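S.K.: Input: one structure, supplied below.
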There are 2 protein chains.
Amino acid sequence: MAKQGSPSIGVGMIGCGTVGTGVATLLSQQAELYAQRLGKPVEIRRVLVRDPAKPAAQACLPPDRFTKDPDAFFNTDDMPIVIEVAGGIDPVAAYVRRALTMGKHVITANKSLLAEQGPDLFALAHQNNASIAFEASCGGGIPIITALQFGLMANRIDALYGILNGTSNFILTAMTQDGRPYADALRDAQAKGFAEANPIMDVSGQDAGQKLAVLASLAFGTRVSGDQVACDGIDTLDSADIRFGAEMGYDIKLLAIAQRSGSGASQGISLSVEPCFVHEDTPMAQVHGSFNALSVYGHAVGHTMYYGPGAGGLPTASAVVSDLLNTASGWYPQAFAAMRLWADQHQPATVVGPDAMESRFYLRLNAKDAPGVMAKIAKVLGDAGISLSGLHQHEAAAGQFVPVVITTHEAHRSAVRQSIDQIENLDVIDGRPVCIRIADLPG
Amino acid sequence: MAKQGSPSIGVGMIGCGTVGTGVATLLSQQAELYAQRLGKPVEIRRVLVRDPAKPAAQACLPPDRFTKDPDAFFNTDDMPIVIEVAGGIDPVAAYVRRALTMGKHVITANKSLLAEQGPDLFALAHQNNASIAFEASCGGGIPIITALQFGLMANRIDALYGILNGTSNFILTAMTQDGRPYADALRDAQAKGFAEANPIMDVSGQDAGQKLAVLASLAFGTRVSGDQVACDGIDTLDSADIRFGAEMGYDIKLLAIAQRSGSGASQGISLSVEPCFVHEDTPMAQVHGSFNALSVYGHAVGHTMYYGPGAGGLPTASAVVSDLLNTASGWYPQAFAAMRLWADQHQPATVVGPDAMESRFYLRLNAKDAPGVMAKIAKVLGDAGISLSGLHQHEAAAGQFVPVVITTHEAHRSAVRQSIDQIENLDVIDGRPVCIRIADLPG
């Protein structure tokens with residue numbers, strides 16, 4: 001890929017924040033290792049940033065390589081590869097399109113962009129004999145894209161379950177291990193740099209939803225966008241439910257789940273991000289703090305799981321630089337051109353709404369501690385065909401409201417929702433019942 | 001890769017046992033999916049087996065494709081790829097060399113062969129513009145080779161910790177969860193098909209040792225062979241130690257460990273397979289039954305872990321067929337030719353012996369329950385510079401021998417061995433003390 005006579009492969013980088021600085025640091029500190037593995041060195045020729053003065057000092061690069069002028073950036077000689085680590089849609093989408101149209105290979109960490117425009121960008125890459133590598137867009141440094149693209153090629157993937165957002169998992173770990181209420185745990189995460197000042201994308205589940213769309217498109221050989229994922233966040237979780245769940249052997253995680261659903265004409269994919277209880281004896285329950293994990297269910301291999309740092313400058317840079325070396329080598333562009341794995345080469349999925357799927361559920365009701373109350377609750381559930389798996393009512397002085405915790409057997413979510421509505425209207429119930437999905441992760 | 005006019009890519013398969021049958025099954029059942037992903041179909045042209053009558057029936061292939069004549073196998077038209085799933089060294093090594101010398105790409109599941117002859121075979125492949133893919137040789141269907149080769153390319157790998165043998169892990173899970181003694185658990189594993197009639201390679205740790213050699217060569221950019229791995233098996237484990245370990249929050253696993261050791265002139269790699277205690281709150285402790293897992297520590301990404309089925313016909317076939325499709329596509333052969341990642345392209349490692357490394361240890365002594373005994377034991381350890389972390393002595397009637405369980409802080413294994421020799425010779429100690437390594441897995 002290096003121009004004849006050129007001793008190194010030229011790279012342009014868009015953005016130079018935490019990840020970009022990590023990339024520049026790795027390329028500087030491990031230049032010899034990478035040149036040895038690749039057979040030739042790589043060099044960052046230009047960096048496109050909003051404010052050139054800021055990042056140069058940390059990025060181990062000469063200040064004269066930084067520019068805020070896209071034309072100066074793109075009209076640089078011998079720069080066949082562009083790394084995009086700026087994030088967001090505007091103006092980055094236009095830069096990525098410009099790079100691809102020029103036949104430049106792109107490496108990106110941008111799940112928002114891919115979740116929204118992935119198919120168009122993959123198509124543009126294919127049309128221009130370029131490639132897009134995106135390991136860093138999901139799961140930080142864990143090579144899950146590589147696994148889904150190549151390592152599990154022989155499988156029909158049937159389901160994905162993932163902890164894909166480090167901020168929310170960090171908060172849930174603090175709520176669980178320290179018993180802190182949500183607002184407290186969020187503040188602590190922000191103080192420690194694990195949550196942003198405006199954490200909405202993380203705590204709402206939308207960030208995980210975008211990543212799920214990218215992963216599901218690849219895994220199921222289809223195309224889905226971020227806005228097709230039903231997201232429910234962690235910001236309304238009550239510590240009481242975390243405690244009651246723990247008593248029953250469950251841990252709470254914000255799980256992103258993509259599953260094949262239905263069969264024949266009604267076959268589709270269900271996509272959701274929501275807080276779920278997982279049993280404490282599962283590997284997923286041991287994913288703490290800002291770590292991520294992805295469980296993949298393939299028809300031949302069965303259950304494989306991938307675990308590691310889901311965010312952070314160096315872990316994400318590890319994914320970006322691995323993509324860079326694999327692209328510079330030429331093999332990834334060849335695979336991108338030859339194989340048919342990407343969203344532009346597949347049909348849109350039939351997305352099944354969240355109400356249509358079956359699962360087990362945890363319910364917590366504040367019930368009046370008086371005769372006949374349990375009978376009323378049980379009747380509502382029984383009439384809806386919802387079978388009880390577990391039930392706990394803690395003793396309290398008669399006449400007060402007491403928490404009643406119920407776990408169900410497999411039930412239709414729509415039936416559970418309707419039952420909750422009915423139960424809420426019983427005069428013996430105080431407030432709205434809590435409903436949390438129980439994810440029985442296959443072995 | 002397909003010959004002009006040829007509609008499919010031809011594959012030859014050596015061996016057709018459990019894995020080979022799995023490969024043929026997948027290629028038959030998922031022919032459409034693979035042709036769609038690859039852009040063209042693959043077809044098994046010939047199968048080389050010892051007894052053609054046996055496997056044809058299960059393998060979904062016409063009997064006339066089976067032969068026991070290597071010449072008939074190799075002189076088949078249009079067969080650019082050879083899958084080797086027979087295992088063992090003789091006669092398989094000669095077949096693999098013949099295939100490579102003919103410029104055929106090889107896909108193998110054979111860790112014994114690679115652990116012994118990997119560098120020579122990689123060199124032969126490079127010399128003949130062929131490639132060797134070996135995902136199936138380690139970790140069953142978990143794509144750990146793909147991760148180490150490409151997904152973690154940006155990292156200097158510093159350590160590997162793995163549960164790499166499903167048979168021994170299955171036995172240890174039974175000993176732990178059911179409290180069964182070793183011989184019982186082995187018999188049960190054999191009855192259920194998780195252990196062979198002659199289980200020595202599995203329970204001695206040597207199978208895991210061969211896999212560790214293959215992984216370490218790749219991970220550390222070096223070359224090590226299976227016989228350089230110090231192996232200690234599970235066949236002398238006492239259920240009492242599993243119980244005492246559990247009381248202290250430890251689970252027992254047969255861990256394969258490769259670590260960078262020392263610095264400067266004395267820099268090397270330590271390689272071992274031995275039963276180790278891991279803390280129950282670690283992801284590694286949740287690896288049960290015949291599942292495998294590999295923890296990789298990279299300087300940029302930190303800790304990533306890969307988990308899944310370590311053996312079995314379909315899981316291993318998943319890895320073989322993934323390799324096949326990646327090879328048939330042409331991208332893997334290109335990567336094999338262009339990058340410098342394989343053992344033939346690197347120097348032999350300086351292997352540091354097991355006595356030179358430091359770790360924490362669990363000791364169990366049968367000590368006379370009488371005055372002055374603890375002082376004698378403590379003196380031996382103190383004189384050797386071994387610091388105590390935990391100590392448990394259960395109450396018993398005076399004058400009997402009681403088990404004393406000690407956990408140490410970090411200590412040199414040689415110092416611990418010498419202390420055990422001294423303690424064994426104390427007249428207040430009955431029998432040989434038990435010593436089990438405690439693996440404090442980094443976060």
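Residues are named by chain letter and number: chains run A, B, ... in the order of the structure tokens, numbers start at 1 in each chain, and ligands are numbered from 1 in the order shown.
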Considering only strand (DSSP E or B) as DSSP defines it on the backbone, what residues of region 309-371 of chain A qualify? List them as a ChimeraX atom specification.

M.R.: /A:309,348,351-352,358-368

S.K.: What are the nearest atom pairs, with distances in Å to one decimal, for all residues of chain A that come at most 8 Å from chain B, using only C-alpha atoms, set out by chain and rising residue number as CSV?

M.R.:
```
residue,atom,partner,partner_atom,distance
A:Leu26,CA,B:Ala300,CA,7.8
A:Tyr34,CA,B:Ala154,CA,7.2
A:Gln36,CA,B:Arg340,CA,6.8
A:Arg37,CA,B:Arg340,CA,4.7
A:Leu38,CA,B:Met339,CA,5.1
A:Gly39,CA,B:Met339,CA,6.4
A:Gly141,CA,B:Val301,CA,5.5
A:Ile142,CA,B:Thr304,CA,6.3
A:Pro143,CA,B:Gly151,CA,4.9
A:Thr146,CA,B:Gly151,CA,6.0
A:Ala147,CA,B:Pro143,CA,6.4
A:Phe150,CA,B:Ser322,CA,6.8
A:Gly151,CA,B:Pro143,CA,4.9
A:Leu152,CA,B:Ser322,CA,6.1
A:Met153,CA,B:Ser322,CA,4.8
A:Ala154,CA,B:Ser322,CA,4.8
A:Asn155,CA,B:Ser318,CA,6.8
A:Asp281,CA,B:Gln286,CA,7.0
A:Thr282,CA,B:Gln286,CA,6.7
A:Pro283,CA,B:Gln286,CA,5.7
A:Gln286,CA,B:Pro283,CA,5.7
A:Val287,CA,B:Pro283,CA,7.5
A:Ala300,CA,B:Leu314,CA,5.3
A:Val301,CA,B:Pro315,CA,3.9
A:Gly302,CA,B:Pro315,CA,6.9
A:His303,CA,B:Gly308,CA,5.7
A:Thr304,CA,B:Gly308,CA,4.2
A:Met305,CA,B:Tyr307,CA,5.0
A:Tyr306,CA,B:Tyr306,CA,4.9
A:Tyr307,CA,B:Met305,CA,5.0
A:Gly308,CA,B:Thr304,CA,4.2
A:Pro309,CA,B:Val301,CA,7.0
A:Leu314,CA,B:Ala300,CA,5.3
A:Pro315,CA,B:Val301,CA,3.9
A:Thr316,CA,B:Val301,CA,7.3
A:Ala317,CA,B:Ala300,CA,7.6
A:Ser318,CA,B:Ala154,CA,5.4
A:Ala319,CA,B:Gly151,CA,7.1
A:Val321,CA,B:Ala154,CA,5.6
A:Ser322,CA,B:Ala154,CA,4.7
A:Asp323,CA,B:Gly151,CA,7.7
A:Leu325,CA,B:Met153,CA,7.3
A:Asn326,CA,B:Phe150,CA,6.9
A:Ser329,CA,B:Ala338,CA,6.6
A:Gly330,CA,B:Ala335,CA,7.7
A:Trp331,CA,B:Trp331,CA,5.2
A:Tyr332,CA,B:Trp331,CA,7.1
A:Gln334,CA,B:Trp331,CA,5.9
A:Ala335,CA,B:Trp331,CA,5.4
A:Ala338,CA,B:Ser329,CA,6.6
A:Met339,CA,B:Leu38,CA,5.1
A:Arg340,CA,B:Arg37,CA,4.7
A:Leu341,CA,B:Arg37,CA,6.1
```

S.K.: Save out the residues we just selected, N, CA and C atoms, as a short mmCIF file (atom, residue, chain, number, x, y, z; two decimals), in the first residue's frame.

M.R.:
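The resulting out.cif:
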```
data_model
loop_
_atom_site.label_atom_id
_atom_site.label_comp_id
_atom_site.auth_asym_id
_atom_site.auth_seq_id
_atom_site.Cartn_x
_atom_site.Cartn_y
_atom_site.Cartn_z
N LEU A 26 0.35 5.25 21.05
CA LEU A 26 0.73 3.88 20.67
C LEU A 26 1.64 3.89 19.45
N TYR A 34 5.26 -2.34 15.60
CA TYR A 34 4.30 -2.35 14.51
C TYR A 34 4.99 -2.49 13.15
N GLN A 36 7.71 -3.95 12.60
CA GLN A 36 8.20 -5.32 12.51
C GLN A 36 7.05 -6.27 12.11
N ARG A 37 5.86 -6.08 12.70
CA ARG A 37 4.73 -6.96 12.40
C ARG A 37 4.17 -6.71 11.01
N LEU A 38 4.12 -5.44 10.62
CA LEU A 38 3.50 -5.06 9.35
C LEU A 38 4.47 -5.21 8.18
N GLY A 39 5.76 -5.08 8.47
CA GLY A 39 6.75 -5.13 7.40
C GLY A 39 7.16 -3.74 6.94
N GLY A 141 -11.82 -2.15 23.47
CA GLY A 141 -10.69 -2.87 22.90
C GLY A 141 -10.93 -4.34 22.68
N ILE A 142 -12.09 -4.85 23.10
CA ILE A 142 -12.37 -6.29 22.93
C ILE A 142 -12.62 -6.53 21.44
N PRO A 143 -11.91 -7.43 20.81
CA PRO A 143 -12.07 -7.62 19.36
C PRO A 143 -13.33 -8.39 18.98
N THR A 146 -14.02 -8.37 15.01
CA THR A 146 -13.18 -9.38 14.37
C THR A 146 -13.76 -10.77 14.58
N ALA A 147 -14.24 -11.05 15.78
CA ALA A 147 -14.83 -12.36 16.08
C ALA A 147 -16.08 -12.59 15.24
N PHE A 150 -15.01 -12.69 11.24
CA PHE A 150 -14.13 -13.75 10.74
C PHE A 150 -14.07 -14.99 11.62
N GLY A 151 -13.95 -14.80 12.93
CA GLY A 151 -13.72 -15.94 13.82
C GLY A 151 -14.90 -16.88 13.92
N LEU A 152 -16.11 -16.37 13.72
CA LEU A 152 -17.34 -17.17 13.84
C LEU A 152 -18.04 -17.30 12.50
N MET A 153 -17.28 -17.14 11.43
CA MET A 153 -17.82 -17.13 10.06
C MET A 153 -18.70 -18.34 9.75
N ALA A 154 -18.39 -19.49 10.37
CA ALA A 154 -19.13 -20.71 10.05
C ALA A 154 -20.50 -20.78 10.71
N ASN A 155 -20.83 -19.80 11.53
CA ASN A 155 -22.06 -19.89 12.31
C ASN A 155 -23.19 -19.06 11.76
N ASP A 281 -24.53 -16.75 39.21
CA ASP A 281 -23.57 -17.79 38.84
C ASP A 281 -23.22 -17.80 37.36
N THR A 282 -23.64 -16.79 36.62
CA THR A 282 -23.30 -16.75 35.21
C THR A 282 -22.06 -15.88 34.98
N PRO A 283 -21.29 -16.15 33.92
CA PRO A 283 -20.14 -15.30 33.63
C PRO A 283 -20.54 -13.83 33.48
N GLN A 286 -20.33 -11.54 36.44
CA GLN A 286 -19.03 -11.15 36.94
C GLN A 286 -18.42 -9.98 36.18
N VAL A 287 -19.21 -9.33 35.36
CA VAL A 287 -18.70 -8.19 34.59
C VAL A 287 -18.98 -6.92 35.40
N ALA A 300 -23.31 -23.44 15.47
CA ALA A 300 -22.30 -24.51 15.47
C ALA A 300 -21.46 -24.48 16.74
N VAL A 301 -20.98 -23.32 17.11
CA VAL A 301 -20.06 -23.23 18.24
C VAL A 301 -20.80 -23.19 19.58
N GLY A 302 -22.06 -22.75 19.58
CA GLY A 302 -22.76 -22.58 20.86
C GLY A 302 -22.44 -21.22 21.44
N HIS A 303 -22.22 -21.16 22.76
CA HIS A 303 -22.04 -19.90 23.46
C HIS A 303 -20.57 -19.52 23.57
N THR A 304 -20.19 -18.39 22.97
CA THR A 304 -18.87 -17.82 23.23
C THR A 304 -19.07 -16.44 23.84
N MET A 305 -18.14 -16.03 24.71
CA MET A 305 -18.27 -14.74 25.37
C MET A 305 -16.96 -14.00 25.30
N TYR A 306 -17.06 -12.68 25.14
CA TYR A 306 -15.88 -11.81 24.97
C TYR A 306 -15.97 -10.71 26.01
N TYR A 307 -14.89 -10.51 26.75
CA TYR A 307 -14.92 -9.65 27.94
C TYR A 307 -13.69 -8.76 27.94
N GLY A 308 -13.85 -7.50 28.36
CA GLY A 308 -12.68 -6.64 28.47
C GLY A 308 -13.10 -5.19 28.67
N PRO A 309 -12.13 -4.26 28.64
CA PRO A 309 -12.42 -2.84 28.87
C PRO A 309 -13.27 -2.29 27.73
N LEU A 314 -6.64 4.24 25.91
CA LEU A 314 -5.76 3.20 25.37
C LEU A 314 -6.49 1.95 24.90
N PRO A 315 -7.48 1.44 25.66
CA PRO A 315 -8.20 0.27 25.16
C PRO A 315 -8.86 0.53 23.80
N THR A 316 -9.52 1.68 23.65
CA THR A 316 -10.16 1.97 22.36
C THR A 316 -9.10 2.17 21.29
N ALA A 317 -8.01 2.84 21.65
CA ALA A 317 -6.91 3.03 20.69
C ALA A 317 -6.33 1.70 20.25
N SER A 318 -6.32 0.71 21.15
CA SER A 318 -5.85 -0.64 20.79
C SER A 318 -6.66 -1.17 19.61
N ALA A 319 -7.97 -0.97 19.65
CA ALA A 319 -8.83 -1.44 18.55
C ALA A 319 -8.57 -0.64 17.28
N VAL A 321 -5.82 1.02 16.38
CA VAL A 321 -4.50 0.74 15.80
C VAL A 321 -4.43 -0.69 15.23
N SER A 322 -5.11 -1.64 15.88
CA SER A 322 -5.16 -3.00 15.31
C SER A 322 -5.83 -2.93 13.93
N ASP A 323 -6.95 -2.21 13.84
CA ASP A 323 -7.62 -2.02 12.54
C ASP A 323 -6.68 -1.36 11.55
N LEU A 325 -3.37 -1.40 11.38
CA LEU A 325 -2.34 -2.32 10.89
C LEU A 325 -2.94 -3.36 9.95
N ASN A 326 -4.12 -3.87 10.28
CA ASN A 326 -4.78 -4.87 9.43
C ASN A 326 -5.19 -4.26 8.09
N SER A 329 -1.92 -3.52 5.99
CA SER A 329 -1.38 -4.77 5.46
C SER A 329 -2.04 -5.15 4.14
N GLY A 330 -3.26 -4.67 3.95
CA GLY A 330 -3.98 -5.00 2.72
C GLY A 330 -4.97 -6.14 2.88
N TRP A 331 -4.85 -6.94 3.93
CA TRP A 331 -5.74 -8.09 4.01
C TRP A 331 -7.16 -7.69 4.35
N TYR A 332 -7.33 -6.70 5.23
CA TYR A 332 -8.69 -6.32 5.57
C TYR A 332 -9.43 -5.71 4.37
N GLN A 334 -8.96 -6.47 1.35
CA GLN A 334 -9.30 -7.59 0.47
C GLN A 334 -10.53 -8.34 0.97
N ALA A 335 -10.57 -8.58 2.28
CA ALA A 335 -11.72 -9.27 2.85
C ALA A 335 -12.98 -8.44 2.66
N ALA A 338 -14.04 -8.83 -0.91
CA ALA A 338 -14.36 -10.16 -1.43
C ALA A 338 -15.55 -10.82 -0.76
N MET A 339 -15.73 -10.60 0.52
CA MET A 339 -16.78 -11.31 1.25
C MET A 339 -18.06 -10.48 1.30
N ARG A 340 -19.16 -11.14 1.62
CA ARG A 340 -20.44 -10.44 1.67
C ARG A 340 -20.97 -10.52 3.09
N LEU A 341 -20.47 -9.62 3.94
CA LEU A 341 -20.82 -9.66 5.36
C LEU A 341 -21.44 -8.36 5.85
#
```

S.K.: Mind listing the alpha helix (DSSP H) residues of region 340-376 of chain B, per DSSP on the backbone, as a list in words?

M.R.: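 Residues meeting the alpha helix (DSSP H) criterion: Val373, Met374, Ala375 and Lys376 of chain B.
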
S.K.: Quick one: residues within 9 Å of Ala328 (chain A), only C-alpha atoms, excluding same-chain residues fewer than 5 positions away - as a list in words?

M.R.: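 Using only C-alpha atoms, the neighbours found are Met1, Ala2, Ile9, Leu38, Val42, Pro80, Ile81, His105, Asp323 and Pro333 of chain A.
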
S.K.: Write out as a PDB file with all heavy atoms, in the first residue's frame each polymer residue whose atoms come within 9 Å of Thr167 (chain B), counting only C-alpha atoms; drop sequence neighbours fewer than 3 positions from it.

M.R.:
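So selection34.pdb came out as:
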```pdb
ATOM      1  N   PHE B 170     -13.846 -30.339  33.296  1.00  0.00           N
ATOM      2  CA  PHE B 170     -15.087 -31.067  33.599  1.00  0.00           C
ATOM      3  C   PHE B 170     -14.928 -31.862  34.898  1.00  0.00           C
ATOM      4  O   PHE B 170     -15.802 -31.858  35.765  1.00  0.00           O
ATOM      5  CB  PHE B 170     -15.426 -32.003  32.430  1.00  0.00           C
ATOM      6  CG  PHE B 170     -16.713 -32.755  32.615  1.00  0.00           C
ATOM      7  CD1 PHE B 170     -17.910 -32.230  32.156  1.00  0.00           C
ATOM      8  CD2 PHE B 170     -16.729 -34.004  33.243  1.00  0.00           C
ATOM      9  CE1 PHE B 170     -19.103 -32.926  32.324  1.00  0.00           C
ATOM     10  CE2 PHE B 170     -17.918 -34.695  33.423  1.00  0.00           C
ATOM     11  CZ  PHE B 170     -19.111 -34.152  32.962  1.00  0.00           C
ATOM     12  N   ILE B 171     -13.777 -32.537  35.033  1.00  0.00           N
ATOM     13  CA  ILE B 171     -13.510 -33.335  36.231  1.00  0.00           C
ATOM     14  C   ILE B 171     -13.416 -32.437  37.461  1.00  0.00           C
ATOM     15  O   ILE B 171     -13.996 -32.738  38.518  1.00  0.00           O
ATOM     16  CB  ILE B 171     -12.211 -34.153  36.050  1.00  0.00           C
ATOM     17  CG1 ILE B 171     -12.436 -35.245  34.988  1.00  0.00           C
ATOM     18  CG2 ILE B 171     -11.747 -34.769  37.367  1.00  0.00           C
ATOM     19  CD1 ILE B 171     -11.162 -35.948  34.541  1.00  0.00           C
ATOM     20  N   LEU B 172     -12.710 -31.313  37.347  1.00  0.00           N
ATOM     21  CA  LEU B 172     -12.580 -30.418  38.497  1.00  0.00           C
ATOM     22  C   LEU B 172     -13.922 -29.828  38.907  1.00  0.00           C
ATOM     23  O   LEU B 172     -14.190 -29.642  40.091  1.00  0.00           O
ATOM     24  CB  LEU B 172     -11.591 -29.286  38.183  1.00  0.00           C
ATOM     25  CG  LEU B 172     -10.131 -29.705  38.054  1.00  0.00           C
ATOM     26  CD1 LEU B 172      -9.254 -28.494  37.762  1.00  0.00           C
ATOM     27  CD2 LEU B 172      -9.641 -30.414  39.320  1.00  0.00           C
ATOM     28  N   LEU B 186     -13.418 -38.853  37.354  1.00  0.00           N
ATOM     29  CA  LEU B 186     -12.854 -39.269  36.061  1.00  0.00           C
ATOM     30  C   LEU B 186     -13.735 -40.322  35.411  1.00  0.00           C
ATOM     31  O   LEU B 186     -14.066 -40.235  34.225  1.00  0.00           O
ATOM     32  CB  LEU B 186     -11.431 -39.821  36.253  1.00  0.00           C
ATOM     33  CG  LEU B 186     -10.823 -40.548  35.037  1.00  0.00           C
ATOM     34  CD1 LEU B 186     -10.723 -39.607  33.838  1.00  0.00           C
ATOM     35  CD2 LEU B 186      -9.435 -41.111  35.376  1.00  0.00           C
ATOM     36  N   ALA B 189     -16.752 -38.764  33.996  1.00  0.00           N
ATOM     37  CA  ALA B 189     -16.443 -38.004  32.773  1.00  0.00           C
ATOM     38  C   ALA B 189     -16.298 -38.949  31.582  1.00  0.00           C
ATOM     39  O   ALA B 189     -16.734 -38.643  30.473  1.00  0.00           O
ATOM     40  CB  ALA B 189     -15.160 -37.195  32.969  1.00  0.00           C
ATOM     41  N   PHE B 194     -16.778 -37.146  28.133  1.00  0.00           N
ATOM     42  CA  PHE B 194     -15.934 -35.958  28.279  1.00  0.00           C
ATOM     43  C   PHE B 194     -14.475 -36.318  28.546  1.00  0.00           C
ATOM     44  O   PHE B 194     -13.630 -35.435  28.621  1.00  0.00           O
ATOM     45  CB  PHE B 194     -16.458 -35.059  29.413  1.00  0.00           C
ATOM     46  CG  PHE B 194     -17.705 -34.321  29.044  1.00  0.00           C
ATOM     47  CD1 PHE B 194     -18.954 -34.790  29.421  1.00  0.00           C
ATOM     48  CD2 PHE B 194     -17.637 -33.158  28.295  1.00  0.00           C
ATOM     49  CE1 PHE B 194     -20.107 -34.119  29.073  1.00  0.00           C
ATOM     50  CE2 PHE B 194     -18.796 -32.470  27.940  1.00  0.00           C
ATOM     51  CZ  PHE B 194     -20.030 -32.957  28.327  1.00  0.00           C
ATOM     52  N   ALA B 195     -14.201 -37.607  28.738  1.00  0.00           N
ATOM     53  CA  ALA B 195     -12.810 -38.043  28.909  1.00  0.00           C
ATOM     54  C   ALA B 195     -12.637 -39.334  28.141  1.00  0.00           C
ATOM     55  O   ALA B 195     -13.569 -40.127  28.010  1.00  0.00           O
ATOM     56  CB  ALA B 195     -12.484 -38.251  30.389  1.00  0.00           C
ATOM     57  N   GLU B 196     -11.415 -39.535  27.618  1.00  0.00           N
ATOM     58  CA  GLU B 196     -11.148 -40.732  26.835  1.00  0.00           C
ATOM     59  C   GLU B 196     -10.785 -41.892  27.745  1.00  0.00           C
ATOM     60  O   GLU B 196     -10.520 -41.707  28.925  1.00  0.00           O
ATOM     61  CB  GLU B 196     -10.007 -40.438  25.858  1.00  0.00           C
ATOM     62  CG  GLU B 196     -10.294 -39.179  25.037  1.00  0.00           C
ATOM     63  CD  GLU B 196      -9.420 -39.049  23.842  1.00  0.00           C
ATOM     64  OE1 GLU B 196      -8.734 -40.034  23.499  1.00  0.00           O
ATOM     65  OE2 GLU B 196      -9.426 -37.959  23.251  1.00  0.00           O
ATOM     66  N   PRO B 199      -6.927 -41.136  29.465  1.00  0.00           N
ATOM     67  CA  PRO B 199      -7.067 -39.689  29.591  1.00  0.00           C
ATOM     68  C   PRO B 199      -5.762 -38.974  29.896  1.00  0.00           C
ATOM     69  O   PRO B 199      -5.773 -37.789  30.225  1.00  0.00           O
ATOM     70  CB  PRO B 199      -8.023 -39.560  30.773  1.00  0.00           C
ATOM     71  CG  PRO B 199      -7.599 -40.661  31.695  1.00  0.00           C
ATOM     72  CD  PRO B 199      -7.173 -41.802  30.787  1.00  0.00           C
ATOM     73  N   ASP B 202      -4.864 -35.421  28.852  1.00  0.00           N
ATOM     74  CA  ASP B 202      -5.738 -34.390  29.402  1.00  0.00           C
ATOM     75  C   ASP B 202      -5.474 -34.140  30.878  1.00  0.00           C
ATOM     76  O   ASP B 202      -5.299 -33.014  31.315  1.00  0.00           O
ATOM     77  CB  ASP B 202      -7.205 -34.798  29.202  1.00  0.00           C
ATOM     78  CG  ASP B 202      -7.564 -34.919  27.735  1.00  0.00           C
ATOM     79  OD1 ASP B 202      -7.225 -34.007  26.962  1.00  0.00           O
ATOM     80  OD2 ASP B 202      -8.188 -35.928  27.362  1.00  0.00           O
ATOM     81  N   VAL B 203      -5.421 -35.225  31.674  1.00  0.00           N
ATOM     82  CA  VAL B 203      -5.332 -35.018  33.121  1.00  0.00           C
ATOM     83  C   VAL B 203      -3.915 -34.689  33.580  1.00  0.00           C
ATOM     84  O   VAL B 203      -3.720 -34.174  34.674  1.00  0.00           O
ATOM     85  CB  VAL B 203      -5.884 -36.238  33.903  1.00  0.00           C
ATOM     86  CG1 VAL B 203      -7.337 -36.492  33.531  1.00  0.00           C
ATOM     87  CG2 VAL B 203      -5.035 -37.479  33.685  1.00  0.00           C
ATOM     88  N   GLY B 289     -17.382 -27.067  33.752  1.00  0.00           N
ATOM     89  CA  GLY B 289     -17.569 -28.178  32.828  1.00  0.00           C
ATOM     90  C   GLY B 289     -16.512 -28.161  31.738  1.00  0.00           C
ATOM     91  O   GLY B 289     -15.349 -27.858  31.978  1.00  0.00           O
ATOM     92  N   SER B 290     -16.950 -28.477  30.525  1.00  0.00           N
ATOM     93  CA  SER B 290     -15.964 -28.590  29.436  1.00  0.00           C
ATOM     94  C   SER B 290     -15.688 -27.266  28.729  1.00  0.00           C
ATOM     95  O   SER B 290     -15.044 -27.241  27.690  1.00  0.00           O
ATOM     96  CB  SER B 290     -16.425 -29.634  28.421  1.00  0.00           C
ATOM     97  OG  SER B 290     -17.659 -29.223  27.872  1.00  0.00           O
ATOM     98  N   ALA B 311     -14.128 -27.943  23.222  1.00  0.00           N
ATOM     99  CA  ALA B 311     -13.998 -29.197  22.474  1.00  0.00           C
ATOM    100  C   ALA B 311     -15.371 -29.590  21.943  1.00  0.00           C
ATOM    101  O   ALA B 311     -16.345 -28.877  22.114  1.00  0.00           O
ATOM    102  CB  ALA B 311     -13.443 -30.291  23.388  1.00  0.00           C
TER     103      ALA B 311
END
```

S.K.: Quick one: pull the distance between CA of Met248 (chain A) and CA of Asn366 (chain A), Å, one decimal.

M.R.: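 Pair CA of Met248 (chain A) / CA of Asn366 (chain A) returns 18.1 Å.
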
S.K.: Calculated over only C-alpha atoms, which of the candidates A:Ala240, A:Ala411, A:Ala115, A:Ile438 has the smallest distance to Lys253 (chain A)?

M.R.: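 That would be A:Ile438, the residue with the smallest distance to Lys253 (chain A).
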
S.K.: Separation of CA of Ile377 (chain A) and CA of Asp238 (chain A), in Å?

M.R.: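 It comes out at 21.8 Å.
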
S.K.: To one decimal place in Å, what is the distance between CA of Arg180 (chain A) and CA of Val434 (chain A)?

M.R.: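 So the answer is 18.7 Å.
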
S.K.: When distances are computed from only C-alpha atoms, which of B:Asp77, B:Glu247, B:Glu410, B:Asp120 shows the smallest separation from His394 (chain B)?

M.R.: B:Glu247

S.K.: With a distance cut-off of 12 Å and only C-alpha atoms, select the neighbouring residues of Lys376 (chain A), excluding the residue or stretch itself and same-chain residues fewer than 3 positions from it, and output the selection as number ranges by chain.

M.R.: A: 367-368, 370-373, 379-383, 419, 422-429
